[in-house]
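> Once you've had a glance at the structure underneath, I'll fire off some questions.
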Amino acid sequence: MVRCGCALLRKYGNFIDNLRIFAKGGSGGMGYPRLGGEGGRGGDVWVVAHKNMTLKQLKNKYPQKRFVAGGGANSRISALQGSKGKDCEVPVPVGISVTDENGQVLGELNKEEDRILVAKGGLGGKLHTNFLPLKGQKRIIHLDLKVIADVGLVGFPNAGKSSLLSRVSHATPMIADYAFTTLRPELGKIMYNDFKQISVADLPGLIEGAHMNKGMGHKFLKHLERTRQLLFVVDISGFQLSSVTPYRTAFETIILLTKELELYKEELQTKPALLAVNKMDLPDAQVKLQELMKQLLSPEDFLHLFDTKMIPEKALEFQHIIPISTVTGEGIAELKSCIRKALDEQDGKESDAHRKVTSKCAATVSRKGSIQA
């Protein structure tokens with residue numbers, strides 16, 4: 001058991017999804033007062049997204065986590081206009097959100113080669129600075145990684161999310177019969193016969209109180225923000241984290257998961273959602289499924305059984321509810337089909353919305369042109 005724990009730590013314990021770095025723009029170059037020469041501007045510091053980069057690699061390559069741009073060249077007789085200092089680029093993975101030390105968001109890097117200026121270089125010495133250069137901007141920057149995927153798996157520990165990911169994709173997450181086997185986000189891709197690919201993110205299991213950062217809740221919940229749809233995975237037999245925590249039925253786990261999302265960020269509840277009811281190979285699963293469907297059809301009839309603090313303000317409506325078994329493969333093909341259908345419908349809605357906005361803008365421009373004429 002001890003050896004297994006050590007291996008787990010080596011494999012997953014070093015995953016990094018946030019990093020704090022120091023960035024400083026280069027100082028400007030000295031001016032040349034006698035001939036009116038201007039010093040070169042200091043270099044800038046940029047954060048740039050790279051496809052195959054990780055924050056772990058960044059930390060290992062730059063252990064000091066200091067990024068300083070080059071200084072501008074001094075003005076001289078042979079070159080009165082000093083050249084600009086060399087820019088400094090910080091390579092980061094796609095999906096990074098960049099904030100300053102006050103929590104202000106400077107930008108997001110959602111695709112390869114996206115870049116954000118985080119520290120400007122100082123001006124070179126010129127007439128209005130009395131030919132004295134200015135220092136570059138200094139900043140403490142926070143890099144926060146949020147997984148980008150089409151579908152995010154949501155569930156309590158041991159609901160079967162990792163087993164499901166391995167069933168629908170070629171991903172090989174760690175799977176075991178105890179809670180918290182997933183300690184870092186895992187990404188997989190569902191491949192369809194027409195070569196369509198849908199990315200799925202398996203996130204570490206949540207626990208009650210995740211919105212208050214219990215069990216590193218914020219570290220996990222933030223990865224749902226950039227997924228397009230949510231796929232709830234629940235154990236039909238219910239869930240109990242430990243012998244000292246209450247047992248929760250499948251219906252209770254859905255209510256609690258919905259509440260955790262609501263308390264963390266209400267916008268998560270606006271995402272389209274599907275429900276996979278797992279472990280249908282267990283005894284009495286069909287009986288429990290019938291009971292669960294009855295509860296989901298009329299949730300208001302059962303909410304009196306809950307503490308008022310546990311009840312979400314808005315009930316989550318699932319586009320599709322699919323009974324599955326990751327052991328036997330039951331329902332997996334139907335689930336993949338439903339995921340594809342739900343995303344295709346979402347693409348259609350987004351395209352229609354984009355066309356309406358484009359048409360409205362074109363009509364506005366046309367009216368302005370007619371008025372000017």
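If you're wondering about the labels, chains in the structure tokens are A, B, ... by order shown, residues count from 1 in each chain, ligands from 1 in order shown.
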Each residue of stretch 78-188 of chain A lying at most 9 Å from stretch 254-260 of chain A should get a row with its shortest atom-to-atom pair and the distance in Å to one decimal, counting only C-alpha atoms; could you produce that, ordered by chain and increasing number, as a Markdown table?

| residue | atom | partner | partner_atom | distance |
| --- | --- | --- | --- | --- |
| A:Val154 | CA | A:Leu257 | CA | 7.8 |
| A:Gly155 | CA | A:Leu257 | CA | 7.0 |
| A:Phe156 | CA | A:Leu257 | CA | 7.9 |
> Produce a file of the selected residues containing N, CA and C atoms, as a PDB file, in the first residue's frame.

ATOM      1  N   VAL A 154     -18.464  15.809 -14.465  1.00  0.00           N
ATOM      2  CA  VAL A 154     -18.739  16.307 -13.125  1.00  0.00           C
ATOM      3  C   VAL A 154     -19.272  15.157 -12.280  1.00  0.00           C
ATOM      4  N   GLY A 155     -18.714  14.982 -11.082  1.00  0.00           N
ATOM      5  CA  GLY A 155     -19.220  13.923 -10.217  1.00  0.00           C
ATOM      6  C   GLY A 155     -18.440  13.829  -8.930  1.00  0.00           C
ATOM      7  N   PHE A 156     -18.979  13.084  -7.986  1.00  0.00           N
ATOM      8  CA  PHE A 156     -18.274  12.825  -6.735  1.00  0.00           C
ATOM      9  C   PHE A 156     -17.206  11.759  -6.980  1.00  0.00           C
TER      10      PHE A 156
END
> With only C-alpha atoms as the counted atoms, please give the residues lying no more than 12 Å from A:Gly124, apart from itself and same-chain residues fewer than 3 positions off, as a PDB file with all heavy atoms, in the first residue's frame.

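result.pdb was written with the following content:
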ATOM      1  N   GLY A  26      12.432  46.002 -19.794  1.00  0.00           N
ATOM      2  CA  GLY A  26      13.799  46.530 -19.824  1.00  0.00           C
ATOM      3  C   GLY A  26      13.838  48.038 -19.630  1.00  0.00           C
ATOM      4  O   GLY A  26      12.885  48.751 -19.980  1.00  0.00           O
ATOM      5  N   SER A  27      14.931  48.540 -19.070  1.00  0.00           N
ATOM      6  CA  SER A  27      15.110  49.983 -18.907  1.00  0.00           C
ATOM      7  C   SER A  27      15.449  50.620 -20.252  1.00  0.00           C
ATOM      8  O   SER A  27      16.031  49.967 -21.136  1.00  0.00           O
ATOM      9  CB  SER A  27      16.240  50.268 -17.914  1.00  0.00           C
ATOM     10  OG  SER A  27      15.914  49.765 -16.640  1.00  0.00           O
ATOM     11  N   GLY A  28      15.065  51.882 -20.409  1.00  0.00           N
ATOM     12  CA  GLY A  28      15.394  52.594 -21.643  1.00  0.00           C
ATOM     13  C   GLY A  28      16.873  52.933 -21.701  1.00  0.00           C
ATOM     14  O   GLY A  28      17.588  52.879 -20.691  1.00  0.00           O
ATOM     15  N   GLY A  29      17.347  53.266 -22.899  1.00  0.00           N
ATOM     16  CA  GLY A  29      18.744  53.655 -23.062  1.00  0.00           C
ATOM     17  C   GLY A  29      18.942  55.142 -22.806  1.00  0.00           C
ATOM     18  O   GLY A  29      17.994  55.935 -22.884  1.00  0.00           O
ATOM     19  N   MET A  30      20.184  55.511 -22.520  1.00  0.00           N
ATOM     20  CA  MET A  30      20.523  56.920 -22.267  1.00  0.00           C
ATOM     21  C   MET A  30      20.418  57.740 -23.560  1.00  0.00           C
ATOM     22  O   MET A  30      20.752  57.272 -24.646  1.00  0.00           O
ATOM     23  CB  MET A  30      21.954  57.029 -21.743  1.00  0.00           C
ATOM     24  CG  MET A  30      22.148  56.516 -20.330  1.00  0.00           C
ATOM     25  SD  MET A  30      21.414  57.604 -19.103  1.00  0.00           S
ATOM     26  CE  MET A  30      22.453  59.048 -19.268  1.00  0.00           C
ATOM     27  N   GLY A  31      19.921  58.987 -23.389  1.00  0.00           N
ATOM     28  CA  GLY A  31      19.893  59.901 -24.524  1.00  0.00           C
ATOM     29  C   GLY A  31      21.262  60.562 -24.714  1.00  0.00           C
ATOM     30  O   GLY A  31      22.180  60.353 -23.919  1.00  0.00           O
ATOM     31  N   TYR A  32      21.394  61.335 -25.798  1.00  0.00           N
ATOM     32  CA  TYR A  32      22.656  62.031 -26.088  1.00  0.00           C
ATOM     33  C   TYR A  32      22.335  63.521 -26.173  1.00  0.00           C
ATOM     34  O   TYR A  32      21.981  64.042 -27.234  1.00  0.00           O
ATOM     35  CB  TYR A  32      23.229  61.527 -27.412  1.00  0.00           C
ATOM     36  CG  TYR A  32      24.701  61.788 -27.585  1.00  0.00           C
ATOM     37  CD1 TYR A  32      25.630  60.761 -27.469  1.00  0.00           C
ATOM     38  CD2 TYR A  32      25.167  63.075 -27.885  1.00  0.00           C
ATOM     39  CE1 TYR A  32      26.985  60.992 -27.643  1.00  0.00           C
ATOM     40  CE2 TYR A  32      26.514  63.316 -28.049  1.00  0.00           C
ATOM     41  CZ  TYR A  32      27.423  62.277 -27.938  1.00  0.00           C
ATOM     42  OH  TYR A  32      28.777  62.525 -28.107  1.00  0.00           O
ATOM     43  N   GLY A  37      20.171  63.110 -29.356  1.00  0.00           N
ATOM     44  CA  GLY A  37      19.923  61.684 -29.614  1.00  0.00           C
ATOM     45  C   GLY A  37      18.999  61.059 -28.570  1.00  0.00           C
ATOM     46  O   GLY A  37      19.019  61.450 -27.388  1.00  0.00           O
ATOM     47  N   GLU A  38      18.187  60.110 -28.988  1.00  0.00           N
ATOM     48  CA  GLU A  38      17.235  59.449 -28.095  1.00  0.00           C
ATOM     49  C   GLU A  38      17.648  58.004 -27.835  1.00  0.00           C
ATOM     50  O   GLU A  38      18.014  57.267 -28.760  1.00  0.00           O
ATOM     51  CB  GLU A  38      15.824  59.461 -28.694  1.00  0.00           C
ATOM     52  CG  GLU A  38      15.263  60.872 -28.863  1.00  0.00           C
ATOM     53  CD  GLU A  38      13.835  60.856 -29.394  1.00  0.00           C
ATOM     54  OE1 GLU A  38      13.332  59.753 -29.721  1.00  0.00           O
ATOM     55  OE2 GLU A  38      13.220  61.943 -29.477  1.00  0.00           O
ATOM     56  N   GLY A  39      17.597  57.621 -26.559  1.00  0.00           N
ATOM     57  CA  GLY A  39      17.918  56.244 -26.205  1.00  0.00           C
ATOM     58  C   GLY A  39      16.817  55.296 -26.647  1.00  0.00           C
ATOM     59  O   GLY A  39      15.657  55.687 -26.838  1.00  0.00           O
ATOM     60  N   GLY A  40      17.174  54.043 -26.833  1.00  0.00           N
ATOM     61  CA  GLY A  40      16.190  53.042 -27.262  1.00  0.00           C
ATOM     62  C   GLY A  40      15.242  52.663 -26.135  1.00  0.00           C
ATOM     63  O   GLY A  40      15.594  52.714 -24.950  1.00  0.00           O
ATOM     64  N   ARG A  41      14.042  52.312 -26.507  1.00  0.00           N
ATOM     65  CA  ARG A  41      13.057  51.870 -25.521  1.00  0.00           C
ATOM     66  C   ARG A  41      13.446  50.487 -25.004  1.00  0.00           C
ATOM     67  O   ARG A  41      13.977  49.651 -25.738  1.00  0.00           O
ATOM     68  CB  ARG A  41      11.671  51.815 -26.172  1.00  0.00           C
ATOM     69  CG  ARG A  41      10.549  51.503 -25.209  1.00  0.00           C
ATOM     70  CD  ARG A  41       9.240  51.246 -25.954  1.00  0.00           C
ATOM     71  NE  ARG A  41       8.163  50.987 -25.012  1.00  0.00           N
ATOM     72  CZ  ARG A  41       7.275  51.877 -24.608  1.00  0.00           C
ATOM     73  NH1 ARG A  41       7.337  53.110 -25.083  1.00  0.00           N
ATOM     74  NH2 ARG A  41       6.343  51.562 -23.743  1.00  0.00           N
ATOM     75  N   GLY A  42      13.120  50.234 -23.726  1.00  0.00           N
ATOM     76  CA  GLY A  42      13.398  48.918 -23.155  1.00  0.00           C
ATOM     77  C   GLY A  42      12.489  47.857 -23.751  1.00  0.00           C
ATOM     78  O   GLY A  42      11.386  48.151 -24.241  1.00  0.00           O
ATOM     79  N   GLY A  43      12.937  46.624 -23.733  1.00  0.00           N
ATOM     80  CA  GLY A  43      12.134  45.523 -24.257  1.00  0.00           C
ATOM     81  C   GLY A  43      10.914  45.245 -23.382  1.00  0.00           C
ATOM     82  O   GLY A  43      10.877  45.624 -22.207  1.00  0.00           O
ATOM     83  N   GLY A  71      17.524  45.791 -21.990  1.00  0.00           N
ATOM     84  CA  GLY A  71      17.515  47.253 -21.933  1.00  0.00           C
ATOM     85  C   GLY A  71      17.704  47.869 -23.316  1.00  0.00           C
ATOM     86  O   GLY A  71      18.302  47.257 -24.208  1.00  0.00           O
ATOM     87  N   GLY A  72      17.167  49.080 -23.491  1.00  0.00           N
ATOM     88  CA  GLY A  72      17.346  49.791 -24.756  1.00  0.00           C
ATOM     89  C   GLY A  72      18.789  50.277 -24.909  1.00  0.00           C
ATOM     90  O   GLY A  72      19.485  50.517 -23.911  1.00  0.00           O
ATOM     91  N   ALA A  73      19.240  50.405 -26.150  1.00  0.00           N
ATOM     92  CA  ALA A  73      20.618  50.853 -26.410  1.00  0.00           C
ATOM     93  C   ALA A  73      20.744  52.350 -26.168  1.00  0.00           C
ATOM     94  O   ALA A  73      19.808  53.120 -26.418  1.00  0.00           O
ATOM     95  CB  ALA A  73      21.013  50.502 -27.840  1.00  0.00           C
ATOM     96  N   ASN A  74      21.909  52.745 -25.675  1.00  0.00           N
ATOM     97  CA  ASN A  74      22.186  54.166 -25.471  1.00  0.00           C
ATOM     98  C   ASN A  74      22.368  54.875 -26.818  1.00  0.00           C
ATOM     99  O   ASN A  74      22.831  54.274 -27.794  1.00  0.00           O
ATOM    100  CB  ASN A  74      23.462  54.357 -24.646  1.00  0.00           C
ATOM    101  CG  ASN A  74      23.310  53.834 -23.234  1.00  0.00           C
ATOM    102  OD1 ASN A  74      22.200  53.774 -22.693  1.00  0.00           O
ATOM    103  ND2 ASN A  74      24.425  53.458 -22.620  1.00  0.00           N
ATOM    104  N   SER A  75      21.985  56.128 -26.861  1.00  0.00           N
ATOM    105  CA  SER A  75      22.232  56.937 -28.048  1.00  0.00           C
ATOM    106  C   SER A  75      23.716  57.278 -28.107  1.00  0.00           C
ATOM    107  O   SER A  75      24.344  57.525 -27.079  1.00  0.00           O
ATOM    108  CB  SER A  75      21.400  58.225 -27.992  1.00  0.00           C
ATOM    109  OG  SER A  75      21.728  59.082 -29.060  1.00  0.00           O
ATOM    110  N   LEU A  80      22.374  57.796 -33.318  1.00  0.00           N
ATOM    111  CA  LEU A  80      21.698  58.718 -32.410  1.00  0.00           C
ATOM    112  C   LEU A  80      20.385  58.137 -31.873  1.00  0.00           C
ATOM    113  O   LEU A  80      19.978  58.443 -30.754  1.00  0.00           O
ATOM    114  CB  LEU A  80      21.421  60.052 -33.113  1.00  0.00           C
ATOM    115  CG  LEU A  80      22.658  60.927 -33.389  1.00  0.00           C
ATOM    116  CD1 LEU A  80      22.264  62.192 -34.137  1.00  0.00           C
ATOM    117  CD2 LEU A  80      23.357  61.276 -32.074  1.00  0.00           C
ATOM    118  N   GLN A  81      19.722  57.339 -32.681  1.00  0.00           N
ATOM    119  CA  GLN A  81      18.504  56.667 -32.214  1.00  0.00           C
ATOM    120  C   GLN A  81      18.882  55.277 -31.705  1.00  0.00           C
ATOM    121  O   GLN A  81      19.211  54.385 -32.475  1.00  0.00           O
ATOM    122  CB  GLN A  81      17.480  56.552 -33.343  1.00  0.00           C
ATOM    123  CG  GLN A  81      16.202  55.800 -32.950  1.00  0.00           C
ATOM    124  CD  GLN A  81      15.451  56.485 -31.806  1.00  0.00           C
ATOM    125  OE1 GLN A  81      15.026  57.634 -31.937  1.00  0.00           O
ATOM    126  NE2 GLN A  81      15.297  55.784 -30.695  1.00  0.00           N
ATOM    127  N   GLY A  82      18.858  55.142 -30.392  1.00  0.00           N
ATOM    128  CA  GLY A  82      19.204  53.856 -29.810  1.00  0.00           C
ATOM    129  C   GLY A  82      18.186  52.778 -30.179  1.00  0.00           C
ATOM    130  O   GLY A  82      16.991  53.049 -30.316  1.00  0.00           O
ATOM    131  N   SER A  83      18.653  51.564 -30.350  1.00  0.00           N
ATOM    132  CA  SER A  83      17.748  50.464 -30.730  1.00  0.00           C
ATOM    133  C   SER A  83      16.956  49.973 -29.516  1.00  0.00           C
ATOM    134  O   SER A  83      17.375  50.112 -28.363  1.00  0.00           O
ATOM    135  CB  SER A  83      18.544  49.305 -31.334  1.00  0.00           C
ATOM    136  OG  SER A  83      19.516  48.843 -30.410  1.00  0.00           O
ATOM    137  N   LYS A  84      15.804  49.383 -29.795  1.00  0.00           N
ATOM    138  CA  LYS A  84      14.928  48.862 -28.745  1.00  0.00           C
ATOM    139  C   LYS A  84      15.550  47.635 -28.095  1.00  0.00           C
ATOM    140  O   LYS A  84      16.224  46.836 -28.741  1.00  0.00           O
ATOM    141  CB  LYS A  84      13.562  48.504 -29.342  1.00  0.00           C
ATOM    142  CG  LYS A  84      12.520  48.052 -28.323  1.00  0.00           C
ATOM    143  CD  LYS A  84      11.201  47.756 -29.024  1.00  0.00           C
ATOM    144  CE  LYS A  84      10.091  47.383 -28.042  1.00  0.00           C
ATOM    145  NZ  LYS A  84      10.332  46.131 -27.346  1.00  0.00           N
ATOM    146  N   GLY A  85      15.307  47.473 -26.806  1.00  0.00           N
ATOM    147  CA  GLY A  85      15.803  46.306 -26.098  1.00  0.00           C
ATOM    148  C   GLY A  85      15.087  45.041 -26.540  1.00  0.00           C
ATOM    149  O   GLY A  85      13.981  45.084 -27.090  1.00  0.00           O
ATOM    150  N   GLY A 121       8.418  47.993 -21.490  1.00  0.00           N
ATOM    151  CA  GLY A 121       9.767  48.534 -21.339  1.00  0.00           C
ATOM    152  C   GLY A 121       9.731  50.024 -21.075  1.00  0.00           C
ATOM    153  O   GLY A 121       8.777  50.719 -21.443  1.00  0.00           O
ATOM    154  N   LEU A 127      14.307  64.386 -25.014  1.00  0.00           N
ATOM    155  CA  LEU A 127      14.233  65.772 -24.568  1.00  0.00           C
ATOM    156  C   LEU A 127      13.330  65.941 -23.353  1.00  0.00           C
ATOM    157  O   LEU A 127      13.711  66.565 -22.364  1.00  0.00           O
ATOM    158  CB  LEU A 127      13.749  66.670 -25.725  1.00  0.00           C
ATOM    159  CG  LEU A 127      13.665  68.166 -25.408  1.00  0.00           C
ATOM    160  CD1 LEU A 127      15.048  68.713 -25.059  1.00  0.00           C
ATOM    161  CD2 LEU A 127      13.069  68.934 -26.602  1.00  0.00           C
ATOM    162  N   HIS A 128      12.099  65.399 -23.403  1.00  0.00           N
ATOM    163  CA  HIS A 128      11.170  65.661 -22.308  1.00  0.00           C
ATOM    164  C   HIS A 128      11.487  64.853 -21.049  1.00  0.00           C
ATOM    165  O   HIS A 128      10.849  65.031 -20.015  1.00  0.00           O
ATOM    166  CB  HIS A 128       9.715  65.443 -22.768  1.00  0.00           C
ATOM    167  CG  HIS A 128       9.320  64.006 -22.889  1.00  0.00           C
ATOM    168  ND1 HIS A 128       9.370  63.325 -24.070  1.00  0.00           N
ATOM    169  CD2 HIS A 128       8.846  63.133 -21.963  1.00  0.00           C
ATOM    170  CE1 HIS A 128       8.939  62.089 -23.881  1.00  0.00           C
ATOM    171  NE2 HIS A 128       8.631  61.944 -22.610  1.00  0.00           N
ATOM    172  N   THR A 129      12.474  63.937 -21.108  1.00  0.00           N
ATOM    173  CA  THR A 129      12.921  63.245 -19.888  1.00  0.00           C
ATOM    174  C   THR A 129      14.309  63.736 -19.483  1.00  0.00           C
ATOM    175  O   THR A 129      14.990  63.099 -18.686  1.00  0.00           O
ATOM    176  CB  THR A 129      12.961  61.715 -20.102  1.00  0.00           C
ATOM    177  OG1 THR A 129      13.980  61.404 -21.067  1.00  0.00           O
ATOM    178  CG2 THR A 129      11.622  61.174 -20.549  1.00  0.00           C
ATOM    179  N   ASN A 130      14.705  64.868 -20.087  1.00  0.00           N
ATOM    180  CA  ASN A 130      16.036  65.432 -19.835  1.00  0.00           C
ATOM    181  C   ASN A 130      17.119  64.440 -20.261  1.00  0.00           C
ATOM    182  O   ASN A 130      18.197  64.385 -19.681  1.00  0.00           O
ATOM    183  CB  ASN A 130      16.191  65.797 -18.355  1.00  0.00           C
ATOM    184  CG  ASN A 130      17.284  66.834 -18.140  1.00  0.00           C
ATOM    185  OD1 ASN A 130      17.641  67.599 -19.053  1.00  0.00           O
ATOM    186  ND2 ASN A 130      17.847  66.852 -16.938  1.00  0.00           N
ATOM    187  N   PHE A 131      16.778  63.631 -21.278  1.00  0.00           N
ATOM    188  CA  PHE A 131      17.676  62.634 -21.870  1.00  0.00           C
ATOM    189  C   PHE A 131      18.051  61.512 -20.905  1.00  0.00           C
ATOM    190  O   PHE A 131      18.995  60.762 -21.144  1.00  0.00           O
ATOM    191  CB  PHE A 131      18.930  63.295 -22.452  1.00  0.00           C
ATOM    192  CG  PHE A 131      18.613  64.200 -23.602  1.00  0.00           C
ATOM    193  CD1 PHE A 131      18.467  65.577 -23.395  1.00  0.00           C
ATOM    194  CD2 PHE A 131      18.423  63.690 -24.877  1.00  0.00           C
ATOM    195  CE1 PHE A 131      18.146  66.414 -24.460  1.00  0.00           C
ATOM    196  CE2 PHE A 131      18.107  64.538 -25.937  1.00  0.00           C
ATOM    197  CZ  PHE A 131      17.962  65.898 -25.735  1.00  0.00           C
ATOM    198  N   LEU A 132      17.276  61.421 -19.819  1.00  0.00           N
ATOM    199  CA  LEU A 132      17.493  60.321 -18.873  1.00  0.00           C
ATOM    200  C   LEU A 132      16.476  59.211 -19.150  1.00  0.00           C
ATOM    201  O   LEU A 132      15.292  59.485 -19.389  1.00  0.00           O
ATOM    202  CB  LEU A 132      17.326  60.820 -17.436  1.00  0.00           C
ATOM    203  CG  LEU A 132      18.334  61.871 -16.968  1.00  0.00           C
ATOM    204  CD1 LEU A 132      17.970  62.363 -15.565  1.00  0.00           C
ATOM    205  CD2 LEU A 132      19.746  61.283 -16.967  1.00  0.00           C
ATOM    206  N   PRO A 133      16.898  57.948 -19.133  1.00  0.00           N
ATOM    207  CA  PRO A 133      15.981  56.845 -19.440  1.00  0.00           C
ATOM    208  C   PRO A 133      15.036  56.545 -18.278  1.00  0.00           C
ATOM    209  O   PRO A 133      15.311  56.895 -17.121  1.00  0.00           O
ATOM    210  CB  PRO A 133      16.930  55.672 -19.691  1.00  0.00           C
ATOM    211  CG  PRO A 133      18.111  55.968 -18.820  1.00  0.00           C
ATOM    212  CD  PRO A 133      18.260  57.474 -18.829  1.00  0.00           C
ATOM    213  N   LEU A 134      13.916  55.886 -18.605  1.00  0.00           N
ATOM    214  CA  LEU A 134      12.974  55.444 -17.584  1.00  0.00           C
ATOM    215  C   LEU A 134      13.102  53.933 -17.383  1.00  0.00           C
ATOM    216  O   LEU A 134      13.440  53.197 -18.315  1.00  0.00           O
ATOM    217  CB  LEU A 134      11.537  55.788 -17.994  1.00  0.00           C
ATOM    218  CG  LEU A 134      11.242  57.267 -18.231  1.00  0.00           C
ATOM    219  CD1 LEU A 134       9.764  57.453 -18.597  1.00  0.00           C
ATOM    220  CD2 LEU A 134      11.599  58.103 -17.010  1.00  0.00           C
ATOM    221  N   LYS A 135      12.824  53.505 -16.176  1.00  0.00           N
ATOM    222  CA  LYS A 135      12.902  52.075 -15.876  1.00  0.00           C
ATOM    223  C   LYS A 135      11.679  51.347 -16.438  1.00  0.00           C
ATOM    224  O   LYS A 135      10.614  51.935 -16.626  1.00  0.00           O
ATOM    225  CB  LYS A 135      12.979  51.851 -14.368  1.00  0.00           C
ATOM    226  CG  LYS A 135      14.273  52.345 -13.751  1.00  0.00           C
ATOM    227  CD  LYS A 135      14.320  52.044 -12.254  1.00  0.00           C
ATOM    228  CE  LYS A 135      15.644  52.512 -11.655  1.00  0.00           C
ATOM    229  NZ  LYS A 135      15.705  52.237 -10.203  1.00  0.00           N
ATOM    230  N   GLY A 136      11.842  50.064 -16.676  1.00  0.00           N
ATOM    231  CA  GLY A 136      10.738  49.258 -17.181  1.00  0.00           C
ATOM    232  C   GLY A 136       9.726  48.937 -16.093  1.00  0.00           C
ATOM    233  O   GLY A 136      10.000  49.055 -14.894  1.00  0.00           O
TER     234      GLY A 136
END
> Measuring atom to atom with only C-alpha atoms, identify which of A:Tyr192, A:Tyr247, A:Phe302, A:Phe318 is nearest to A:Leu230.
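The shortest atom-to-atom distance to A:Leu230 comes from A:Phe318.
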> Taking only C-alpha atoms into account, which of A:Asn52, A:Asn60, A:Gln104, A:Thr227 comes nearest A:Val151?
A:Thr227
> Could you work out how far atom CA of A:Val147 lies from atom CA of A:Glu225, giving the answer in Å with one decimal?
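About the pair atom CA of A:Glu225 and atom CA of A:Val147: they are 8.4 Å apart.
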> A:Leu263, A:Leu231, A:Val48, A:Leu275: which is nearest A:Gly152, counting only C-alpha atoms?
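Closest candidate: A:Leu231.
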> Find the residues near A:Val234: any atom within 12 Å, counting only C-alpha atoms, skip ones fewer than 3 places away on the same chain, and give them as a VMD selection string.
chain A and resid 153 to 161 164 205 to 206 231 237 to 239 248 to 257 274 to 280 289 292 321 to 326
> Run DSSP on the backbone and give me the residues of stretch 277-319 of chain A it puts in helix (DSSP H, G or I), as number ranges by chain.
A: 285-297, 299-301, 303-305, 308-310
> Find, counting only C-alpha atoms, the residue in A:Leu165, A:Leu58, A:Val47, A:Leu145 that gets nearest to A:Asp114.
A:Val47
> In Å, with one decimal, what is the gap from atom CA of A:Lys24 to atom CA of A:Asp144?
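Between these atoms lies a distance of 19.3 Å.
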> Write out as a PyMOL selection string each polymer residue whose atoms come within 9 Å of A:Val45, counting only C-alpha atoms; drop sequence neighbours fewer than 2 positions from it.
chain A and resi 23-26+43+47+67-69+87-90+116-121
> With N, CA and C atoms kept, could you save the residues just selected as an mmCIF file, in the first residue's frame?

data_model
loop_
_atom_site.group_PDB
_atom_site.id
_atom_site.type_symbol
_atom_site.label_atom_id
_atom_site.label_comp_id
_atom_site.auth_asym_id
_atom_site.auth_seq_id
_atom_site.Cartn_x
_atom_site.Cartn_y
_atom_site.Cartn_z
ATOM 1 N N ALA A 23 7.841 39.672 -13.580
ATOM 2 C CA ALA A 23 8.132 40.182 -14.919
ATOM 3 C C ALA A 23 8.595 41.632 -14.824
ATOM 4 N N LYS A 24 9.639 41.962 -15.576
ATOM 5 C CA LYS A 24 10.157 43.341 -15.561
ATOM 6 C C LYS A 24 10.558 43.746 -16.972
ATOM 7 N N GLY A 25 9.972 44.863 -17.423
ATOM 8 C CA GLY A 25 10.357 45.412 -18.720
ATOM 9 C C GLY A 25 11.761 45.982 -18.652
ATOM 10 N N GLY A 26 12.432 46.002 -19.794
ATOM 11 C CA GLY A 26 13.799 46.530 -19.824
ATOM 12 C C GLY A 26 13.838 48.038 -19.630
ATOM 13 N N GLY A 43 12.937 46.624 -23.733
ATOM 14 C CA GLY A 43 12.134 45.523 -24.257
ATOM 15 C C GLY A 43 10.914 45.245 -23.382
ATOM 16 N N VAL A 47 3.586 37.170 -22.440
ATOM 17 C CA VAL A 47 3.220 35.789 -22.147
ATOM 18 C C VAL A 47 2.626 35.220 -23.425
ATOM 19 N N PHE A 67 11.457 36.980 -15.194
ATOM 20 C CA PHE A 67 11.539 37.226 -16.629
ATOM 21 C C PHE A 67 11.782 38.712 -16.847
ATOM 22 N N VAL A 68 12.985 39.037 -17.330
ATOM 23 C CA VAL A 68 13.408 40.432 -17.485
ATOM 24 C C VAL A 68 13.784 40.679 -18.939
ATOM 25 N N ALA A 69 13.178 41.696 -19.528
ATOM 26 C CA ALA A 69 13.474 42.040 -20.925
ATOM 27 C C ALA A 69 14.780 42.822 -21.000
ATOM 28 N N ASP A 87 12.827 41.889 -26.503
ATOM 29 C CA ASP A 87 11.644 41.445 -25.763
ATOM 30 C C ASP A 87 11.913 40.103 -25.086
ATOM 31 N N CYS A 88 11.166 39.841 -24.035
ATOM 32 C CA CYS A 88 11.254 38.574 -23.320
ATOM 33 C C CYS A 88 9.906 37.867 -23.435
ATOM 34 N N GLU A 89 9.912 36.606 -23.861
ATOM 35 C CA GLU A 89 8.676 35.846 -23.999
ATOM 36 C C GLU A 89 8.614 34.736 -22.950
ATOM 37 N N VAL A 90 7.461 34.637 -22.292
ATOM 38 C CA VAL A 90 7.219 33.596 -21.295
ATOM 39 C C VAL A 90 6.350 32.526 -21.952
ATOM 40 N N ILE A 116 0.001 38.097 -24.578
ATOM 41 C CA ILE A 116 -0.451 39.197 -23.724
ATOM 42 C C ILE A 116 0.783 39.950 -23.229
ATOM 43 N N LEU A 117 0.741 41.278 -23.343
ATOM 44 C CA LEU A 117 1.815 42.125 -22.819
ATOM 45 C C LEU A 117 1.632 42.269 -21.312
ATOM 46 N N VAL A 118 2.637 41.872 -20.530
ATOM 47 C CA VAL A 118 2.499 41.919 -19.075
ATOM 48 C C VAL A 118 3.418 42.932 -18.404
ATOM 49 N N ALA A 119 4.472 43.363 -19.095
ATOM 50 C CA ALA A 119 5.370 44.375 -18.510
ATOM 51 C C ALA A 119 6.004 45.188 -19.645
ATOM 52 N N LYS A 120 5.727 46.492 -19.660
ATOM 53 C CA LYS A 120 6.234 47.360 -20.714
ATOM 54 C C LYS A 120 7.664 47.808 -20.412
ATOM 55 N N GLY A 121 8.418 47.993 -21.490
ATOM 56 C CA GLY A 121 9.767 48.534 -21.339
ATOM 57 C C GLY A 121 9.731 50.024 -21.075
#
> In terms of the shortest atom-to-atom distance over only C-alpha atoms, which of A:Arg226, A:Arg115, A:Lys59, A:His50 is closest to A:Lys271?
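Of the candidates, the smallest distance to A:Lys271 is held by A:Arg226.
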> Considering only C-alpha atoms, can you say which of A:Leu187, A:Val168, A:Leu143, A:Leu316 comes closest to A:Asp202?
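Nearest to A:Asp202: A:Leu187.
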